[in-house]
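Below is query_32.pdb, holding PDB, C-alpha atoms.
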ATOM      1  CA  MET W 299      77.985 -38.168  10.873
ATOM      2  CA  LEU W 300      78.904 -34.516  11.268
ATOM      3  CA  VAL W 301      75.636 -32.542  11.241
ATOM      4  CA  PRO W 302      75.146 -29.016  12.601
ATOM      5  CA  GLU W 303      72.634 -28.565  15.445
ATOM      6  CA  LEU W 304      70.207 -26.441  13.459
ATOM      7  CA  VAL W 305      69.408 -29.107  10.876
ATOM      8  CA  PRO W 306      66.149 -30.806  11.940
ATOM      9  CA  ALA W 307      66.283 -34.541  12.654
ATOM     10  CA  TYR W 308      63.565 -35.104  10.077
ATOM     11  CA  THR W 309      65.778 -33.790   7.275
ATOM     12  CA  VAL W 310      68.686 -35.897   8.497
ATOM     13  CA  SER W 311      66.497 -39.028   8.433
ATOM     14  CA  LEU W 312      65.684 -38.406   4.760
ATOM     15  CA  PHE W 313      69.308 -37.972   3.719
ATOM     16  CA  LEU W 314      70.284 -41.600   3.099
ATOM     17  CA  PRO W 315      67.151 -42.660   1.122
ATOM     18  CA  ALA W 316      67.471 -39.582  -1.104
ATOM     19  CA  LEU W 317      71.190 -40.187  -1.632
ATOM     20  CA  TYR W 318      70.668 -43.821  -2.584
ATOM     21  CA  ALA W 319      67.732 -42.972  -4.863
ATOM     22  CA  GLY W 320      69.896 -40.395  -6.626
ATOM     23  CA  LEU W 321      72.793 -42.826  -7.013
ATOM     24  CA  ILE W 322      70.507 -45.592  -8.357
ATOM     25  CA  THR W 323      68.864 -43.207 -10.826
ATOM     26  CA  GLY W 324      72.202 -41.903 -12.019
ATOM     27  CA  PHE W 325      73.490 -45.455 -12.411
ATOM     28  CA  ILE W 326      70.431 -46.459 -14.478
ATOM     29  CA  GLY W 327      70.811 -43.382 -16.681
ATOM     30  CA  LEU W 328      74.550 -43.835 -17.279
ATOM     31  CA  LEU W 329      74.135 -47.573 -17.948
ATOM     32  CA  ALA W 330      71.402 -46.860 -20.494
ATOM     33  CA  ILE W 331      73.604 -44.223 -22.181
ATOM     34  CA  SER W 332      76.504 -46.664 -22.431
ATOM     35  CA  PHE W 333      74.310 -49.267 -24.154
ATOM     36  CA  GLN W 334      72.784 -46.664 -26.464
ATOM     37  CA  LYS W 335      73.864 -46.428 -30.109
ATOM     38  CA  ASN W 336      71.471 -43.650 -31.097
ATOM     39  CA  ASP W 337      72.700 -40.119 -30.344
ATOM     40  CA  LEU W 338      69.222 -38.660 -29.918
ATOM     41  CA  SER W 339      68.247 -41.277 -27.317
ATOM     42  CA  ALA W 340      71.516 -40.633 -25.478
ATOM     43  CA  LEU W 341      70.616 -36.923 -25.363
ATOM     44  CA  ILE W 342      67.210 -37.728 -23.852
ATOM     45  CA  LEU W 343      68.829 -40.017 -21.279
ATOM     46  CA  THR W 344      71.201 -37.184 -20.283
ATOM     47  CA  ASP W 345      68.124 -35.546 -18.800
ATOM     48  CA  ILE W 346      67.739 -38.515 -16.404
ATOM     49  CA  VAL W 347      71.346 -38.160 -15.229
ATOM     50  CA  GLY W 348      70.667 -34.463 -14.605
ATOM     51  CA  LEU W 349      67.668 -35.375 -12.435
ATOM     52  CA  ALA W 350      69.844 -37.743 -10.391
ATOM     53  CA  MET W 351      72.345 -34.921  -9.836
ATOM     54  CA  LEU W 352      69.549 -32.626  -8.628
ATOM     55  CA  VAL W 353      68.268 -35.254  -6.146
ATOM     56  CA  ILE W 354      71.732 -35.691  -4.651
ATOM     57  CA  VAL W 355      72.112 -31.919  -4.275
ATOM     58  CA  ALA W 356      68.599 -31.608  -2.803
ATOM     59  CA  SER W 357      69.333 -34.288  -0.187
ATOM     60  CA  VAL W 358      71.507 -31.775   1.694
ATOM     61  CA  GLY W 359      68.180 -30.231   2.596
ATOM     62  CA  THR W 360      69.241 -26.752   3.708
ATOM     63  CA  ASP W 361      69.341 -23.325   2.090
ATOM     64  CA  LEU W 362      72.703 -24.291   0.643
ATOM     65  CA  ALA W 363      70.947 -27.006  -1.392
ATOM     66  CA  GLU W 364      68.483 -24.475  -2.745
ATOM     67  CA  ALA W 365      71.304 -22.140  -3.695
ATOM     68  CA  LEU W 366      73.099 -24.976  -5.510
ATOM     69  CA  ILE W 367      70.028 -26.341  -7.330
ATOM     70  CA  LEU W 368      69.437 -23.137  -9.319
ATOM     71  CA  PRO W 369      72.863 -23.089 -11.077
ATOM     72  CA  GLY W 370      72.548 -26.856 -11.591
ATOM     73  CA  LEU W 371      69.259 -26.362 -13.391
ATOM     74  CA  VAL W 372      70.689 -23.614 -15.581
ATOM     75  CA  VAL W 373      73.734 -25.721 -16.457
ATOM     76  CA  GLU W 374      71.552 -28.720 -17.350
ATOM     77  CA  LEU W 375      69.308 -26.558 -19.536
ATOM     78  CA  ALA W 376      72.255 -24.972 -21.354
ATOM     79  CA  GLU W 377      73.903 -28.351 -21.869
ATOM     80  CA  ILE W 378      70.811 -29.948 -23.416
ATOM     81  CA  MET W 379      70.262 -26.873 -25.598
ATOM     82  CA  ALA W 380      73.871 -26.881 -26.866
ATOM     83  CA  ILE W 381      74.004 -30.636 -27.550
ATOM     84  CA  SER W 382      70.686 -30.544 -29.410
ATOM     85  CA  GLU W 383      71.956 -27.703 -31.623
ATOM     86  CA  ILE W 384      75.137 -29.689 -32.355
ATOM     87  CA  LEU W 385      73.139 -32.806 -33.263
ATOM     88  CA  MET W 386      70.870 -30.841 -35.597
ATOM     89  CA  SER W 387      73.665 -28.965 -37.378
ATOM     90  CA  ARG W 388      75.610 -32.199 -37.855
ATOM     91  CA  GLU W 389      72.555 -33.828 -39.375
ATOM     92  CA  MET W 390      72.033 -30.810 -41.651
ATOM     93  CA  ARG W 391      75.614 -31.035 -42.864
ATOM     94  CA  LYS W 392      75.339 -34.789 -43.430
ATOM     95  CA  THR W 393      72.088 -34.834 -45.374
ATOM     96  CA  GLY W 394      72.253 -31.351 -46.860
ATOM     97  CA  LYS W 395      68.593 -30.765 -46.012
ATOM     98  CA  THR W 396      67.225 -28.047 -43.802
ATOM     99  CA  ALA W 397      64.185 -28.033 -41.578
ATOM    100  CA  PRO W 398      62.149 -25.067 -40.343
ATOM    101  CA  LEU W 399      63.346 -23.444 -37.132
ATOM    102  CA  LEU W 400      60.158 -24.160 -35.258
ATOM    103  CA  PRO W 401      58.547 -27.390 -36.411
ATOM    104  CA  PHE W 402      54.983 -26.218 -35.852
ATOM    105  CA  PRO W 403      53.090 -23.486 -37.694
ATOM    106  CA  PHE W 404      54.214 -20.352 -35.875
ATOM    107  CA  THR W 405      52.595 -17.174 -37.066
ATOM    108  CA  ALA W 406      53.485 -14.333 -34.744
ATOM    109  CA  ASP W 407      51.179 -11.684 -36.130
ATOM    110  CA  MET W 408      49.219 -11.120 -32.959
ATOM    111  CA  GLU W 409      47.965  -7.594 -32.446
ATOM    112  CA  ILE W 410      49.817  -7.219 -29.143
ATOM    113  CA  MET W 411      53.115  -7.425 -31.027
ATOM    114  CA  THR W 412      52.364  -4.369 -33.155
ATOM    115  CA  THR W 413      50.558  -2.121 -30.706
ATOM    116  CA  ALA W 414      52.036  -2.736 -27.260
ATOM    117  CA  ALA W 415      55.514  -4.182 -27.887
ATOM    118  CA  ASN W 416      57.502  -1.242 -26.466
ATOM    119  CA  PHE W 417      55.174  -0.756 -23.515
ATOM    120  CA  ILE W 418      55.256  -4.395 -22.391
ATOM    121  CA  ALA W 419      59.020  -4.662 -22.913
ATOM    122  CA  VAL W 420      59.655  -1.525 -20.813
ATOM    123  CA  ILE W 421      57.310  -2.728 -18.055
ATOM    124  CA  LEU W 422      59.033  -6.122 -17.913
ATOM    125  CA  VAL W 423      62.555  -4.676 -17.876
ATOM    126  CA  VAL W 424      61.727  -2.071 -15.197
ATOM    127  CA  TYR W 425      59.998  -4.651 -13.019
ATOM    128  CA  GLY W 426      62.943  -7.014 -13.493
ATOM    129  CA  VAL W 427      65.427  -4.344 -12.381
ATOM    130  CA  PHE W 428      63.199  -3.594  -9.378
ATOM    131  CA  LEU W 429      63.176  -7.271  -8.376
ATOM    132  CA  SER W 430      66.938  -7.760  -9.024
ATOM    133  CA  GLY W 431      68.660 -11.093  -8.603
ATOM    134  CA  PHE W 432      67.929 -14.274 -10.524
ATOM    135  CA  THR W 433      64.149 -13.788 -10.864
ATOM    136  CA  GLY W 434      64.544 -10.195 -11.980
ATOM    137  CA  GLY W 435      67.073 -11.251 -14.592
ATOM    138  CA  ALA W 436      64.659 -13.802 -15.999
ATOM    139  CA  ILE W 437      61.841 -11.248 -16.188
ATOM    140  CA  ALA W 438      63.989  -8.516 -17.766
ATOM    141  CA  GLY W 439      65.380 -11.038 -20.242
ATOM    142  CA  GLY W 440      61.841 -12.076 -21.119
ATOM    143  CA  GLY W 441      61.103  -8.433 -21.897
ATOM    144  CA  ILE W 442      64.158  -8.239 -24.185
ATOM    145  CA  ILE W 443      63.165 -11.455 -26.005
ATOM    146  CA  PHE W 444      59.621 -10.153 -26.450
ATOM    147  CA  TYR W 445      60.934  -6.892 -27.928
ATOM    148  CA  VAL W 446      63.232  -8.677 -30.390
ATOM    149  CA  ILE W 447      60.534 -11.125 -31.511
ATOM    150  CA  SER W 448      57.900  -8.446 -31.984
ATOM    151  CA  ARG W 449      60.254  -6.163 -33.940
ATOM    152  CA  LYS W 450      61.145  -9.141 -36.104
ATOM    153  CA  SER W 451      57.558 -10.136 -36.753
ATOM    154  CA  ARG W 452      56.802  -6.606 -37.954
ATOM    155  CA  GLY W 453      59.713  -6.824 -40.362
ATOM    156  CA  LEU W 454      61.587  -3.877 -38.885
ATOM    157  CA  PRO W 455      65.390  -3.868 -38.615
ATOM    158  CA  ILE W 456      66.764  -4.568 -35.168
ATOM    159  CA  LYS W 457      69.938  -2.999 -33.802
ATOM    160  CA  ILE W 458      72.725  -5.518 -33.574
ATOM    161  CA  TRP W 459      73.697  -6.048 -29.971
ATOM    162  CA  GLU W 460      77.278  -7.166 -30.298
ATOM    163  CA  GLY W 461      78.141  -5.758 -26.882
ATOM    164  CA  ILE W 462      75.715  -7.984 -24.998
ATOM    165  CA  ALA W 463      78.296 -10.744 -24.628
ATOM    166  CA  GLY W 464      80.746  -8.241 -23.126
ATOM    167  CA  ILE W 465      78.144  -6.966 -20.637
ATOM    168  CA  SER W 466      77.478 -10.554 -19.653
ATOM    169  CA  GLY W 467      81.134 -11.170 -18.881
ATOM    170  CA  ILE W 468      81.508  -7.951 -16.861
ATOM    171  CA  ALA W 469      78.350  -8.794 -14.889
ATOM    172  CA  TRP W 470      79.793 -12.192 -14.096
ATOM    173  CA  ALA W 471      82.915 -10.512 -12.724
ATOM    174  CA  ILE W 472      80.776  -8.138 -10.596
ATOM    175  CA  TRP W 473      78.882 -11.126  -9.209
ATOM    176  CA  LEU W 474      82.104 -12.881  -8.242
ATOM    177  CA  ALA W 475      83.542  -9.703  -6.693
ATOM    178  CA  GLY W 476      80.367  -9.330  -4.631
ATOM    179  CA  PHE W 477      80.801 -12.847  -3.289
ATOM    180  CA  LEU W 478      84.455 -12.164  -2.543
ATOM    181  CA  ILE W 479      83.467  -9.106  -0.457
ATOM    182  CA  PHE W 480      81.256 -11.336   1.695
ATOM    183  CA  PHE W 481      84.282 -13.356   2.761
ATOM    184  CA  VAL W 482      87.132 -10.839   2.630
ATOM    185  CA  ALA W 483      85.395  -7.827   4.175
ATOM    186  CA  PRO W 484      82.177  -8.928   5.931
ATOM    187  CA  ASP W 485      81.587  -5.379   7.227
ATOM    188  CA  TYR W 486      80.653  -4.270   3.706
ATOM    189  CA  TRP W 487      78.001  -6.988   3.351
ATOM    190  CA  LEU W 488      75.417  -4.597   1.947
ATOM    191  CA  LEU W 489      77.728  -3.572  -0.899
ATOM    192  CA  GLY W 490      78.506  -7.217  -1.596
ATOM    193  CA  LEU W 491      74.816  -8.122  -1.575
ATOM    194  CA  PHE W 492      73.914  -5.429  -4.079
ATOM    195  CA  MET W 493      76.890  -6.201  -6.314
ATOM    196  CA  SER W 494      75.864  -9.867  -6.428
ATOM    197  CA  ALA W 495      72.191  -9.086  -6.955
ATOM    198  CA  PHE W 496      72.697  -6.686  -9.846
ATOM    199  CA  GLY W 497      75.541  -8.703 -11.339
ATOM    200  CA  ILE W 498      73.323 -11.771 -11.617
ATOM    201  CA  LEU W 499      70.498  -9.556 -12.903
ATOM    202  CA  LEU W 500      72.618  -8.299 -15.805
ATOM    203  CA  LYS W 501      74.014 -11.764 -16.370
ATOM    204  CA  VAL W 502      70.682 -13.568 -16.656
ATOM    205  CA  ALA W 503      68.994 -10.747 -18.582
ATOM    206  CA  SER W 504      71.772 -10.570 -21.147
ATOM    207  CA  LYS W 505      71.830 -14.382 -21.442
ATOM    208  CA  MET W 506      68.138 -14.418 -22.276
ATOM    209  CA  GLY W 507      68.624 -11.463 -24.604
ATOM    210  CA  LEU W 508      71.346 -13.470 -26.343
ATOM    211  CA  ILE W 509      68.889 -16.313 -26.903
ATOM    212  CA  GLY W 510      66.645 -13.805 -28.667
ATOM    213  CA  VAL W 511      69.527 -12.516 -30.796
ATOM    214  CA  MET W 512      70.532 -16.091 -31.647
ATOM    215  CA  ALA W 513      66.986 -16.934 -32.737
ATOM    216  CA  ARG W 514      66.945 -13.782 -34.875
ATOM    217  CA  GLU W 515      70.169 -14.797 -36.610
ATOM    218  CA  GLU W 516      68.583 -18.117 -37.430
ATOM    219  CA  PHE W 517      65.481 -16.405 -38.836
ATOM    220  CA  LYS W 518      67.699 -14.242 -41.009
ATOM    221  CA  ARG W 519      69.683 -17.206 -42.306
ATOM    222  CA  GLU W 520      66.557 -18.779 -43.688
TER     223      GLU W 520
ATOM    224  CA  MET Q 236      46.657 -36.575   9.137
ATOM    225  CA  ILE Q 237      48.802 -37.561   6.192
ATOM    226  CA  GLU Q 238      52.433 -38.365   6.901
ATOM    227  CA  THR Q 239      54.899 -36.088   5.100
ATOM    228  CA  GLN Q 240      57.074 -39.031   4.242
ATOM    229  CA  ILE Q 241      54.391 -40.353   1.865
ATOM    230  CA  TRP Q 242      55.305 -37.567  -0.581
ATOM    231  CA  PHE Q 243      58.993 -38.290  -0.234
ATOM    232  CA  TYR Q 244      58.769 -42.027  -0.867
ATOM    233  CA  THR Q 245      56.212 -41.569  -3.672
ATOM    234  CA  GLY Q 246      58.724 -39.201  -5.230
ATOM    235  CA  ILE Q 247      61.541 -41.728  -4.926
ATOM    236  CA  VAL Q 248      59.411 -44.535  -6.422
ATOM    237  CA  LEU Q 249      58.390 -42.286  -9.330
ATOM    238  CA  LEU Q 250      61.996 -41.192  -9.849
ATOM    239  CA  VAL Q 251      63.533 -44.672  -9.970
ATOM    240  CA  GLY Q 252      60.605 -46.276 -11.806
ATOM    241  CA  GLY Q 253      60.413 -43.449 -14.310
ATOM    242  CA  SER Q 254      64.115 -43.607 -15.054
ATOM    243  CA  ILE Q 255      63.844 -47.368 -15.654
ATOM    244  CA  ALA Q 256      60.848 -46.695 -17.915
ATOM    245  CA  THR Q 257      62.894 -44.131 -19.849
ATOM    246  CA  ALA Q 258      65.821 -46.518 -20.209
ATOM    247  CA  ILE Q 259      64.161 -49.844 -21.096
ATOM    248  CA  GLY Q 260      60.415 -49.199 -21.079
ATOM    249  CA  PRO Q 261      58.053 -50.455 -23.789
ATOM    250  CA  GLY Q 262      58.271 -48.615 -27.086
ATOM    251  CA  VAL Q 263      61.224 -46.392 -26.187
ATOM    252  CA  LYS Q 264      62.745 -46.926 -29.629
ATOM    253  CA  ASP Q 265      60.464 -44.054 -30.604
ATOM    254  CA  PRO Q 266      62.197 -40.915 -29.281
ATOM    255  CA  ILE Q 267      58.899 -39.124 -28.668
ATOM    256  CA  ILE Q 268      57.769 -41.874 -26.280
ATOM    257  CA  ARG Q 269      61.165 -41.698 -24.564
ATOM    258  CA  THR Q 270      60.849 -37.928 -24.177
ATOM    259  CA  LEU Q 271      57.375 -38.247 -22.704
ATOM    260  CA  ASN Q 272      58.631 -40.918 -20.294
ATOM    261  CA  THR Q 273      61.124 -38.426 -18.838
ATOM    262  CA  GLU Q 274      58.148 -36.566 -17.387
ATOM    263  CA  ILE Q 275      57.625 -39.335 -14.800
ATOM    264  CA  PRO Q 276      60.961 -38.852 -12.978
ATOM    265  CA  ALA Q 277      60.429 -35.085 -13.304
ATOM    266  CA  ILE Q 278      57.232 -35.378 -11.229
ATOM    267  CA  GLY Q 279      59.120 -37.548  -8.721
ATOM    268  CA  LEU Q 280      61.850 -34.930  -8.387
ATOM    269  CA  SER Q 281      59.204 -32.226  -7.876
ATOM    270  CA  LEU Q 282      57.701 -34.247  -4.994
ATOM    271  CA  ILE Q 283      61.166 -34.607  -3.404
ATOM    272  CA  PHE Q 284      61.726 -30.833  -3.671
ATOM    273  CA  LEU Q 285      58.299 -30.354  -2.100
ATOM    274  CA  THR Q 286      59.200 -32.506   0.915
ATOM    275  CA  TYR Q 287      62.365 -30.531   1.514
ATOM    276  CA  ASN Q 288      60.512 -27.170   1.248
ATOM    277  CA  HIS Q 289      62.746 -26.058  -1.616
ATOM    278  CA  THR Q 290      60.154 -23.589  -2.887
ATOM    279  CA  ILE Q 291      62.223 -21.502  -5.277
ATOM    280  CA  ALA Q 292      63.993 -24.576  -6.613
ATOM    281  CA  LEU Q 293      60.608 -26.237  -7.220
ATOM    282  CA  LEU Q 294      59.227 -23.213  -9.104
ATOM    283  CA  THR Q 295      62.369 -22.862 -11.218
ATOM    284  CA  TYR Q 296      62.419 -26.580 -11.889
ATOM    285  CA  ILE Q 297      58.824 -26.587 -13.136
ATOM    286  CA  ALA Q 298      59.665 -23.807 -15.611
ATOM    287  CA  ALA Q 299      62.950 -25.450 -16.648
ATOM    288  CA  SER Q 300      61.417 -28.892 -17.189
ATOM    289  CA  VAL Q 301      58.818 -27.391 -19.518
ATOM    290  CA  ILE Q 302      61.597 -25.712 -21.514
ATOM    291  CA  ILE Q 303      63.665 -28.933 -21.588
ATOM    292  CA  THR Q 304      60.688 -30.930 -22.896
ATOM    293  CA  MET Q 305      60.091 -28.318 -25.589
ATOM    294  CA  ILE Q 306      63.759 -28.421 -26.664
ATOM    295  CA  LEU Q 307      63.763 -32.238 -26.807
ATOM    296  CA  LEU Q 308      60.506 -32.429 -28.788
ATOM    297  CA  ARG Q 309      61.800 -29.747 -31.161
ATOM    298  CA  VAL Q 310      65.027 -31.647 -31.824
ATOM    299  CA  VAL Q 311      63.090 -34.906 -32.374
ATOM    300  CA  VAL Q 312      60.684 -33.344 -34.859
ATOM    301  CA  ARG Q 313      63.416 -31.481 -36.735
ATOM    302  CA  MET Q 314      65.574 -34.598 -37.022
ATOM    303  CA  GLU Q 315      62.576 -36.534 -38.344
ATOM    304  CA  GLU Q 316      61.884 -33.843 -40.937
ATOM    305  CA  MET Q 317      65.480 -34.031 -42.109
ATOM    306  CA  GLY Q 318      65.033 -37.765 -42.534
ATOM    307  CA  ALA Q 319      67.594 -38.846 -39.945
ATOM    308  CA  GLU Q 320      67.660 -42.431 -38.751
ATOM    309  CA  LEU Q 321      66.115 -42.492 -35.319
TER     310      LEU Q 321
END

I need this file expressed as structure tokens, please.
Amino acid sequence: MLVPELVPAYTVSLFLPALYAGLITGFIGLLAISFQKNDLSALILTDIVGLAMLVIVASVGTDLAEALILPGLVVELAEIMAISEILMSREMRKTGKTAPLLPFPFTADMEIMTTAANFIAVILVVYGVFLSGFTGGAIAGGGIIFYVISRKSRGLPIKIWEGIAGISGIAWAIWLAGFLIFFVAPDYWLLGLFMSAFGILLKVASKMGLIGVMAREEFKRE
Amino acid sequence: MIETQIWFYTGIVLLVGGSIATAIGPGVKDPIIRTLNTEIPAIGLSLIFLTYNHTIALLTYIAASVIITMILLRVVVRMEEMGAEL
């Protein structure tokens, strides 16, 4: 087996058990999906296959594994979210009935949403930009979602952010260009680092902002 | 002193056993029980991440698994309210 010197022997000894456990889990999940007639159960079993994928990636056991797990998690989350929306809209079209957006009593008339909405949103976005990278994107996006939800719960009109999707695409391109600089011109590594960090910041923040805008559209439709 | 490998093999047992429980466990015709059963392999995966010192991956995974469970429970409850055959 071709293993670099710097990987500890302990990690190498765990590689095969983790790999086999991942393969067995994935096999169980895929087998159960193939025997499944119910779409909803198949969706739940997709989660198991995702876990198997994460174990196989984690068995590499280095920083590379950690860097690959994060996009894997995001992809799994987005996939489950999209398939569940498709299942629900198909069922709505078939039966002609609608169900409330959130199936539990959700009254968002907390005082914090009327008095401190702008303040908390600004704090979260500024702190997210200061952090940069993936974590910062999540925090800034949380601030954007909070702002949208609190404006909505007060019944005020919200500006339509059509351009968010475009920002997301441009940020993705910046992220890729930053990575390219690492390999093409390693002398400019600092520029590449910052391009990647702020590209992923904009990307994640605008993705989470888009979730807020999507939820608002659904509120409006009802 | 506790061996580190205990966490790893406990994680693997929870992962494989939990996935079997999700696939053919008792009462999995009810989608809510199936969704709750997916928490068992999630704990197993967290223990495996812990053994490998994947700190950031572990933190992100804990947050993501909560969101995934919420999405699955939401889709189950909404489908039941629409009167779909489950």

Q: Would you kindly translate the PyMOL selection byres ((chain Q and resi 296) around 9) into the concrete residues it picks from this file, as a list in words?
A: Ile367, Leu368 and Leu371 of chain W; Ala277, Ser281, Ile291, Ala292, Leu293, Leu294, Thr295, Ile297, Ala298, Ala299, Ser300 and Val301 of chain Q

Q: Compile the residues of chain W that lie within 8 Å of chain Q, evaluated using all atoms listed in the file, and express the compilation as JSON, numbers by chain.
A: {"W": [309, 316, 319, 322, 323, 326, 327, 330, 336, 338, 339, 342, 343, 345, 346, 349, 353, 356, 359, 364, 367, 368, 371, 375, 378, 379, 382, 383, 386, 389, 390, 393, 395, 396, 397, 398, 400, 401]}

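Note that the spacing between atom CA of W:Phe496 and atom CA of W:Ile472 amounts to 8.2 Å.
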
Q: Quote the spacing between atom CA of W:Phe480 and atom CA of W:Met493 in Å to one decimal place.
A: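 Computed distance, atom CA of W:Phe480 to atom CA of W:Met493, equals 10.5 Å.
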
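Atom pair atom CA of W:Gly439 / atom CA of W:Gly426: separated by 8.2 Å.
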
Q: Name every residue that the PyMOL selection byres ((chain W and resi 427) around 10) selects in this structure, writing the answer as a ChimeraX atom specification with chains first and numbers rising.
A: /W:422-426,428-431,433-435,437-438,495-496,499-500,503

Output for the residues just chosen: C-alpha atoms as an mmCIF file, keeping the file's coordinate frame:
data_model
loop_
_atom_site.group_PDB
_atom_site.id
_atom_site.type_symbol
_atom_site.label_atom_id
_atom_site.label_comp_id
_atom_site.auth_asym_id
_atom_site.auth_seq_id
_atom_site.Cartn_x
_atom_site.Cartn_y
_atom_site.Cartn_z
ATOM 1 C CA LEU W 422 59.033 -6.122 -17.913
ATOM 2 C CA VAL W 423 62.555 -4.676 -17.876
ATOM 3 C CA VAL W 424 61.727 -2.071 -15.197
ATOM 4 C CA TYR W 425 59.998 -4.651 -13.019
ATOM 5 C CA GLY W 426 62.943 -7.014 -13.493
ATOM 6 C CA PHE W 428 63.199 -3.594 -9.378
ATOM 7 C CA LEU W 429 63.176 -7.271 -8.376
ATOM 8 C CA SER W 430 66.938 -7.760 -9.024
ATOM 9 C CA GLY W 431 68.660 -11.093 -8.603
ATOM 10 C CA THR W 433 64.149 -13.788 -10.864
ATOM 11 C CA GLY W 434 64.544 -10.195 -11.980
ATOM 12 C CA GLY W 435 67.073 -11.251 -14.592
ATOM 13 C CA ILE W 437 61.841 -11.248 -16.188
ATOM 14 C CA ALA W 438 63.989 -8.516 -17.766
ATOM 15 C CA ALA W 495 72.191 -9.086 -6.955
ATOM 16 C CA PHE W 496 72.697 -6.686 -9.846
ATOM 17 C CA LEU W 499 70.498 -9.556 -12.903
ATOM 18 C CA LEU W 500 72.618 -8.299 -15.805
ATOM 19 C CA ALA W 503 68.994 -10.747 -18.582
#
